[in-house]
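Structure first, commentary second.
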Amino acid sequence: MIHKKVKLEELETSDKVLTPTYASRELSTAVPKYEMPENEMLPRTAYNIIHDELMLDGNSRLNLATFVTTWMEPEARQLMAETFDKNMIDKDEYPQTAEVEMRCVNILSNLYNAPHEGNAAGCSTIGSSEATMLGGMALKWKWRERMKAKGKAGDKPNMVMGIDVQICWEKFCRYWDIEPRFVSMEHGRYTIDSERTLELVDENTIGVVAIMGTTFTGQYEPVEKLNNALDELNAKTGWDVPIHVDAASGGFVTPFIQPDIKWDFRLKWVKSINVSGHKYGLVFPGVGWIIWRDWEELPKDLIFYVNYLGGDMPTFALNFSRPGNQIVAQYYNFLRLGREGYTRIMKTLHETVKYLSGKVAKLGPFELLTDGSDIPVFAFKLKKETNFTVFDVSERLRHRGWLVPAYTLPKNAEDIAVLRIVVKEGFSRDMADLLLDDLKRILKYFEKQPGHKPTRPKKRDKYRRHC
C-alpha cells in the first residue's frame with residue numbers, strides 16, 4: 001500500500017496531514033487532511049483513523065446542552081440501519097415508507113387535536129428549522145391572499161415573536177424578506193406576553209410565533225392568552241392575524257403530562273405547529289414535523305407536483321433527497337411506546353429535572369430562573385457577585401465530561417448569565433447525583449481559591465439559540 005511520502009521533519013511542523021502510526025501495521029505514512037489521498041486503504045484502517053479522531057468529541061450522553069436525542073433502543077437502531085438507503089423523496093419506489101410518513105402525520109395531527117377527519121395536512125422535515133420555514137411561508141402566502149382580496153399592497157409583511165425564539169425564525173425573516181418584530185425580555189419575564197405582543201401587531205402581521213419550551217429557560221409561552229387577545233383584536237379590526245406554535249421541544253411533552261394546557265388546534269387562531277421528532281420525540285437527529293390545522297391553511301401555490309421516477313408526486317418540503325430512516329424510527333416509537341409509554345418517559349424526565357433543580361437550588365450560591373415545571377429543562381444563575389462566574393462553572397464541569405452551557409440572556413436581560421440543563425431520556429437519577437457531586441466539588445474548589453479572577457462573558461458566550 002503506497003501513500004504520499006512526507007518527510008519526518010515536515011511532520012513536526014505540518015498541520016495538513018494525519019499521522020496515525022502508533023500501532024498500525026497497515027499504515028506507516030502520513031495521510032493528507034485537506035486533499036484526497038492518492039491511493040486506497042483498508043476499510044478497517046480508514047475506520048480507525050476517523051474513530052480515533054472522534055474520540056475527542058464530547059460524550060453525547062453527558063451533553064446536557066443539547067435537546068436532541070442521544071439514546072435509542074437497539075431495535076430502533078437496527079431499523080434505522082436497514083433503511084438508511086431509502087430516499088424519502090422516492091415515494092413511488094418506496095411506497096410503504098411514504099405510507100409510514102403519512103401515518104406519523106395523522107398521529108401527530110390527532111395528538112394536537114386538528115379537525116382533519118383522517119386527512120391530516122403536514123409532512124416530515126429534516127428538523128424543526130425546515131418545519132418553521134414551511135409554516136412561516138404558509139403564513140406569508142395566506143396573508144398576501146387576504147391583502148389581495150382587500151385590494152391592498154402585500155409588500156411589507158412583518159412577523160411578531162419573542163426575543164427568545166430559536167435563530168431559525170430570524171433566518172426565516174431574512175430569507176423571505178419579512179420584518180421581524182421582537183418582544184423583548186425583562187428581569188423576571190423571559191417569554192412574550194399578550195399585552196406587549198399586541199403592541200407590535202398590525203394589518204401587515206403575517207402571524208405571531210409562540211414557543212412551547214424556549215431554549216433559553218425551558219418555559220412555555222402563554223399561547224391561550226395570545227389566542228384570546230388576538231381573537232378580540234381580529235374581531236375589532238377585521239384582521240385575521242394567526243398563530244404558529246413552535247413546539248419543537250414541548251410538542252412531545254405537553255400532550256402526555258400536561259394535557260389540560262390549551263396550546264394546540266383547540267385554539268381558534270393556531271393554524272400550524274412544528275415539532276422536533278429528534279428532541280422529546282425520542283428519535284436520533286434529524287427529523288421534524290410540520291402540521292397544519294387543515295388543508296385550507298396550506299396554500300396551493302406552495303404545493304408542487306413532480307413527475308419523478310414514474311409517478312406524479314405532490315411535494316411541499318424545502319429539501320428533496322433525504323434518508324427515510326428517521327421517519328421509520330419515529331413510527332417505531334409511536335408503535336413501541338404508545339401514549340402510555342410516552343407518558344411514562346415524560347413523567348420520569350419531569351421527576352428527574354424537578355429533583356435536580358431542587359438540589360441545585362439548595363447548593364447555596366445558585367438561584368433558579370426556572371425549575372423544569374414545563375419541559376424538562378431548567379436555568380439557574382449565581383445569586384451574587386463572587387470569585388467565579390457561571391462560565392467558570394461550565395468550564396470546570398467540562399473537565400469531568402459534562403457539557404452544560406453558560407450564556408447571557410438577550411437584550412434587556414443581558415446582564416443575567418445562566419447555566420442551563422436539559423434532561424433527556426438516558427439521563428438517570430444516578431447521573432443527576434453524579435452531576436450534583438461534581439458541582440459540589442467545583443464550589444469547594446473555588447472556596448479554596450479566593451484570589452481566582454472570575455471569567456467574564458465574551459461575545460462568543462452569547463447564546464445564539466441553535467440547540
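In the C-alpha cells, the first chain shown is A, the next is B, and so on; residue numbers restart at 1 for each chain, and ligands run from 1 in the order shown.
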
Handout entry: Residues within 9 Å of Val241 of chain A, only C-alpha atoms, excluding chain neighbours under 5 positions, as a list of chain:residue names
Key = A:Trp143, A:Val201, A:Asp202, A:Glu203, A:Asn204, A:Thr205, A:Ile206, A:Gly207, A:Val208, A:Leu230, A:Asp231, A:Leu233, A:Asn234, A:Trp269

For N, CA, C and O atoms, I'd like the residues from the last selection saved as a CSV table (one decimal), in the first residue's frame.
```
chain,number,residue,atom,x,y,z
A,143,TRP,N,-51.4,35.5,4.1
A,143,TRP,CA,-51.6,37.0,4.4
A,143,TRP,C,-51.7,37.7,3.1
A,143,TRP,O,-52.5,38.6,2.9
A,201,VAL,N,-48.4,44.2,16.8
A,201,VAL,CA,-49.2,43.6,15.7
A,201,VAL,C,-49.9,44.7,14.9
A,201,VAL,O,-50.5,45.7,15.5
A,202,ASP,N,-50.0,44.6,13.6
A,202,ASP,CA,-50.8,45.5,12.8
A,202,ASP,C,-51.3,44.7,11.6
A,202,ASP,O,-51.2,43.4,11.5
A,203,GLU,N,-51.9,45.4,10.6
A,203,GLU,CA,-52.5,44.7,9.5
A,203,GLU,C,-51.5,43.9,8.6
A,203,GLU,O,-51.9,43.0,7.9
A,204,ASN,N,-50.3,44.3,8.7
A,204,ASN,CA,-49.2,43.6,7.9
A,204,ASN,C,-48.6,42.5,8.6
A,204,ASN,O,-47.6,41.9,8.1
A,205,THR,N,-49.1,42.1,9.8
A,205,THR,CA,-48.5,41.0,10.5
A,205,THR,C,-49.0,39.7,10.0
A,205,THR,O,-50.2,39.4,10.0
A,206,ILE,N,-48.1,38.9,9.5
A,206,ILE,CA,-48.5,37.6,8.8
A,206,ILE,C,-48.8,36.6,9.9
A,206,ILE,O,-49.5,35.6,9.6
A,207,GLY,N,-48.3,36.7,11.1
A,207,GLY,CA,-48.6,35.8,12.2
A,207,GLY,C,-47.7,36.1,13.4
A,207,GLY,O,-46.8,36.9,13.4
A,208,VAL,N,-48.1,35.5,14.5
A,208,VAL,CA,-47.4,35.6,15.8
A,208,VAL,C,-46.8,34.2,16.1
A,208,VAL,O,-47.5,33.2,16.0
A,230,LEU,N,-55.7,37.9,20.5
A,230,LEU,CA,-55.8,38.1,19.1
A,230,LEU,C,-57.2,38.0,18.6
A,230,LEU,O,-57.7,38.6,17.6
A,231,ASP,N,-58.0,37.1,19.3
A,231,ASP,CA,-59.4,36.9,18.9
A,231,ASP,C,-60.2,38.3,19.1
A,231,ASP,O,-60.9,38.7,18.2
A,233,LEU,N,-58.7,41.3,19.1
A,233,LEU,CA,-58.1,42.2,18.2
A,233,LEU,C,-58.7,42.0,16.8
A,233,LEU,O,-59.0,43.0,16.1
A,234,ASN,N,-58.7,40.8,16.3
A,234,ASN,CA,-59.2,40.4,15.0
A,234,ASN,C,-60.6,40.8,14.8
A,234,ASN,O,-61.1,41.3,13.8
A,269,TRP,N,-57.1,30.4,16.7
A,269,TRP,CA,-56.1,31.1,15.8
A,269,TRP,C,-54.8,30.4,15.6
A,269,TRP,O,-53.9,30.9,15.0
```

Problem - Residues of segment 223-298 of chain A in strand (DSSP E), written as a PyMOL selection string - result: chain A and resi 243-246+270-276+288-292

Problem - Contacts of Ser394 of chain A within 9 Å, only C-alpha atoms, excl. fewer than 5 positions in-chain, as a ChimeraX atom specification - result: /A:389,402-406,419

Deliver the residues from the most recent selection as a file, using C-alpha atoms, as a compact mmCIF listing (two decimals), in the first residue's frame.
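As written to disk, again-v7.txt reads:
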```
# COMPACT_ATOMS: atom_id res chain seq x y z
CA THR A 389 -18.99 33.01 37.26
CA TRP A 402 -20.31 17.32 31.41
CA LEU A 403 -21.40 19.77 28.73
CA VAL A 404 -23.51 22.44 30.44
CA PRO A 405 -23.86 25.71 28.50
CA ALA A 406 -23.33 29.10 30.11
CA LEU A 419 -26.37 27.80 33.20
```

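Coordinates place atom CA of Ile107 of chain A at a distance of 12.7 Å from atom CA of Ile327 of chain A.
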
May I have the residues within 12 Å of Val393 of chain A as a compact mmCIF listing (two decimals) with N, CA, C and O atoms, in the first residue's frame, using only C-alpha atoms and disregarding those fewer than 6 positions away in the same chain?
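This is the output file part.txt:
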```txt
# COMPACT_ATOMS: atom_id res chain seq x y z
N PRO A 365 -25.05 28.96 46.33
CA PRO A 365 -24.80 30.17 45.55
C PRO A 365 -25.73 30.36 44.35
O PRO A 365 -25.71 31.41 43.72
N PHE A 366 -26.55 29.34 44.03
CA PHE A 366 -27.35 29.41 42.81
C PHE A 366 -28.79 29.82 43.07
O PHE A 366 -29.36 29.49 44.11
N PHE A 380 -30.40 28.39 35.74
CA PHE A 380 -30.08 28.98 37.04
C PHE A 380 -28.89 29.91 36.92
O PHE A 380 -28.08 29.81 35.99
N LYS A 381 -28.80 30.85 37.88
CA LYS A 381 -27.73 31.84 37.85
C LYS A 381 -27.12 31.95 39.25
O LYS A 381 -27.62 31.35 40.21
N LEU A 382 -26.05 32.72 39.36
CA LEU A 382 -25.46 32.99 40.66
C LEU A 382 -26.25 34.08 41.38
O LEU A 382 -26.69 35.06 40.75
N ASN A 387 -16.11 35.10 43.34
CA ASN A 387 -14.82 34.95 42.67
C ASN A 387 -14.88 34.00 41.47
O ASN A 387 -13.86 33.64 40.89
N HIS A 399 -14.34 19.56 32.45
CA HIS A 399 -13.20 18.72 32.83
C HIS A 399 -13.64 17.32 33.22
O HIS A 399 -12.87 16.36 33.12
N ARG A 400 -14.88 17.19 33.69
CA ARG A 400 -15.42 15.89 34.08
C ARG A 400 -16.27 15.26 32.98
O ARG A 400 -16.88 14.22 33.17
N TRP A 402 -18.97 16.73 31.51
CA TRP A 402 -20.31 17.32 31.41
C TRP A 402 -20.28 18.53 30.48
O TRP A 402 -19.41 19.39 30.58
N LEU A 403 -21.25 18.61 29.60
CA LEU A 403 -21.40 19.77 28.73
C LEU A 403 -22.64 20.53 29.17
O LEU A 403 -23.78 20.14 28.88
N VAL A 404 -22.42 21.61 29.91
CA VAL A 404 -23.51 22.44 30.44
C VAL A 404 -23.27 23.86 29.95
O VAL A 404 -22.28 24.49 30.34
N PRO A 405 -24.12 24.39 29.09
CA PRO A 405 -23.86 25.71 28.50
C PRO A 405 -24.04 26.84 29.49
O PRO A 405 -24.92 26.81 30.35
N ALA A 406 -23.19 27.84 29.37
CA ALA A 406 -23.33 29.10 30.11
C ALA A 406 -23.47 30.21 29.08
O ALA A 406 -22.74 30.24 28.09
N TYR A 407 -24.41 31.12 29.29
CA TYR A 407 -24.66 32.17 28.31
C TYR A 407 -25.40 33.33 28.97
O TYR A 407 -25.97 33.18 30.06
N ALA A 417 -26.45 36.11 33.44
CA ALA A 417 -25.73 34.98 32.87
C ALA A 417 -26.20 33.71 33.56
O ALA A 417 -26.28 33.67 34.79
N VAL A 418 -26.51 32.69 32.78
CA VAL A 418 -27.12 31.50 33.35
C VAL A 418 -26.42 30.23 32.88
O VAL A 418 -25.69 30.22 31.89
N LEU A 419 -26.67 29.16 33.62
CA LEU A 419 -26.37 27.80 33.20
C LEU A 419 -27.71 27.13 32.90
O LEU A 419 -28.71 27.41 33.56
N ARG A 420 -27.74 26.25 31.90
CA ARG A 420 -28.99 25.57 31.56
C ARG A 420 -28.74 24.08 31.42
O ARG A 420 -27.76 23.65 30.81
N LEU A 435 -23.72 14.41 38.79
CA LEU A 435 -23.56 15.81 38.41
C LEU A 435 -23.56 16.70 39.65
O LEU A 435 -22.75 17.63 39.76
N ASP A 438 -20.28 16.60 41.38
CA ASP A 438 -19.27 17.40 40.69
C ASP A 438 -19.49 18.89 40.93
O ASP A 438 -18.52 19.66 41.08
N LEU A 439 -20.73 19.34 40.97
CA LEU A 439 -21.00 20.74 41.28
C LEU A 439 -20.51 21.09 42.68
O LEU A 439 -19.94 22.17 42.90
N LYS A 440 -20.72 20.20 43.63
CA LYS A 440 -20.25 20.44 45.00
C LYS A 440 -18.73 20.54 45.03
O LYS A 440 -18.16 21.40 45.71
N ARG A 441 -18.06 19.67 44.29
CA ARG A 441 -16.59 19.71 44.24
C ARG A 441 -16.10 21.02 43.63
O ARG A 441 -15.11 21.60 44.08
N ILE A 442 -16.82 21.49 42.62
CA ILE A 442 -16.42 22.75 41.97
C ILE A 442 -16.58 23.92 42.93
O ILE A 442 -15.72 24.81 43.01
N LEU A 443 -17.67 23.93 43.67
CA LEU A 443 -17.88 25.01 44.64
C LEU A 443 -16.81 25.00 45.72
O LEU A 443 -16.32 26.06 46.14
N LYS A 444 -16.41 23.82 46.18
CA LYS A 444 -15.34 23.71 47.17
C LYS A 444 -14.01 24.19 46.58
O LYS A 444 -13.20 24.83 47.28
N TYR A 445 -13.79 23.87 45.31
CA TYR A 445 -12.57 24.31 44.64
C TYR A 445 -12.46 25.83 44.67
O TYR A 445 -11.41 26.40 45.00
N PHE A 446 -13.55 26.52 44.33
CA PHE A 446 -13.50 27.99 44.30
C PHE A 446 -13.44 28.59 45.70
O PHE A 446 -12.90 29.69 45.87
N PRO A 454 -12.82 35.94 38.30
CA PRO A 454 -13.97 35.38 37.57
C PRO A 454 -13.89 35.65 36.08
O PRO A 454 -13.46 36.72 35.64
N THR A 455 -14.30 34.66 35.30
CA THR A 455 -14.32 34.78 33.84
C THR A 455 -15.54 35.58 33.42
O THR A 455 -16.67 35.27 33.83
N ARG A 456 -15.33 36.60 32.62
CA ARG A 456 -16.43 37.42 32.14
C ARG A 456 -16.89 36.94 30.77
O ARG A 456 -16.10 36.42 29.99
```

Problem - Residues within 10 Å of Ser129 of chain A, only C-alpha atoms, excluding chain neighbours under 3 positions, as a PyMOL selection string - result: chain A and resi 125-126+132-135+166-169+171-172+246+248+274-276+287-289+466

Handout entry: Backbone DSSP call of helix (DSSP H, G or I) for segment 21-189 of chain A, listed as a count of residues only
Key = 72

At most 8 Å is the cut-off: for each residue in segment 287-344 of chain A with any atom that close to an atom of segment 111-118 of chain A, write down the nearest atom pair and the distance in Å rounded to one decimal, counting only C-alpha atoms, chain first then increasing number, as CSV.
```
residue,atom,partner,partner_atom,distance
A:Trp292,CA,A:Ala114,CA,7.9
A:Arg293,CA,A:Ala114,CA,5.4
A:Asp294,CA,A:His116,CA,5.9
```

Those same residues - N, CA, C and O atoms - I'd like them written as an mmCIF file, in the first residue's frame.
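File written: part.cif
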```cif
data_model
loop_
_atom_site.group_PDB
_atom_site.id
_atom_site.type_symbol
_atom_site.label_atom_id
_atom_site.label_comp_id
_atom_site.auth_asym_id
_atom_site.auth_seq_id
_atom_site.Cartn_x
_atom_site.Cartn_y
_atom_site.Cartn_z
ATOM 1 N N TRP A 292 -50.430 21.332 9.800
ATOM 2 C CA TRP A 292 -51.364 22.436 9.666
ATOM 3 C C TRP A 292 -52.725 22.034 10.231
ATOM 4 O O TRP A 292 -53.059 20.846 10.297
ATOM 5 N N ARG A 293 -53.494 23.023 10.597
ATOM 6 C CA ARG A 293 -54.825 22.794 11.152
ATOM 7 C C ARG A 293 -55.677 21.963 10.184
ATOM 8 O O ARG A 293 -56.356 21.016 10.571
ATOM 9 N N ASP A 294 -55.623 22.334 8.905
ATOM 10 C CA ASP A 294 -56.297 21.592 7.829
ATOM 11 C C ASP A 294 -55.674 22.021 6.510
ATOM 12 O O ASP A 294 -54.791 22.896 6.477
#
```

Exercise for the section: Give me, please, the distance in Å between atom CA of Thr197 of chain A and atom CA of Gly238 of chain A, quoted to one decimal. Expected result: 17.8 Å

Problem - Gap from atom CA of Glu367 of chain A to atom CA of Glu385 of chain A - Å, one decimal - result: 12.4 Å

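Closest approach to Pro376 of chain A from the set A:Val253, A:Met185, A:Leu409, A:Leu139 is made by A:Val253, with distances taken over only C-alpha atoms.
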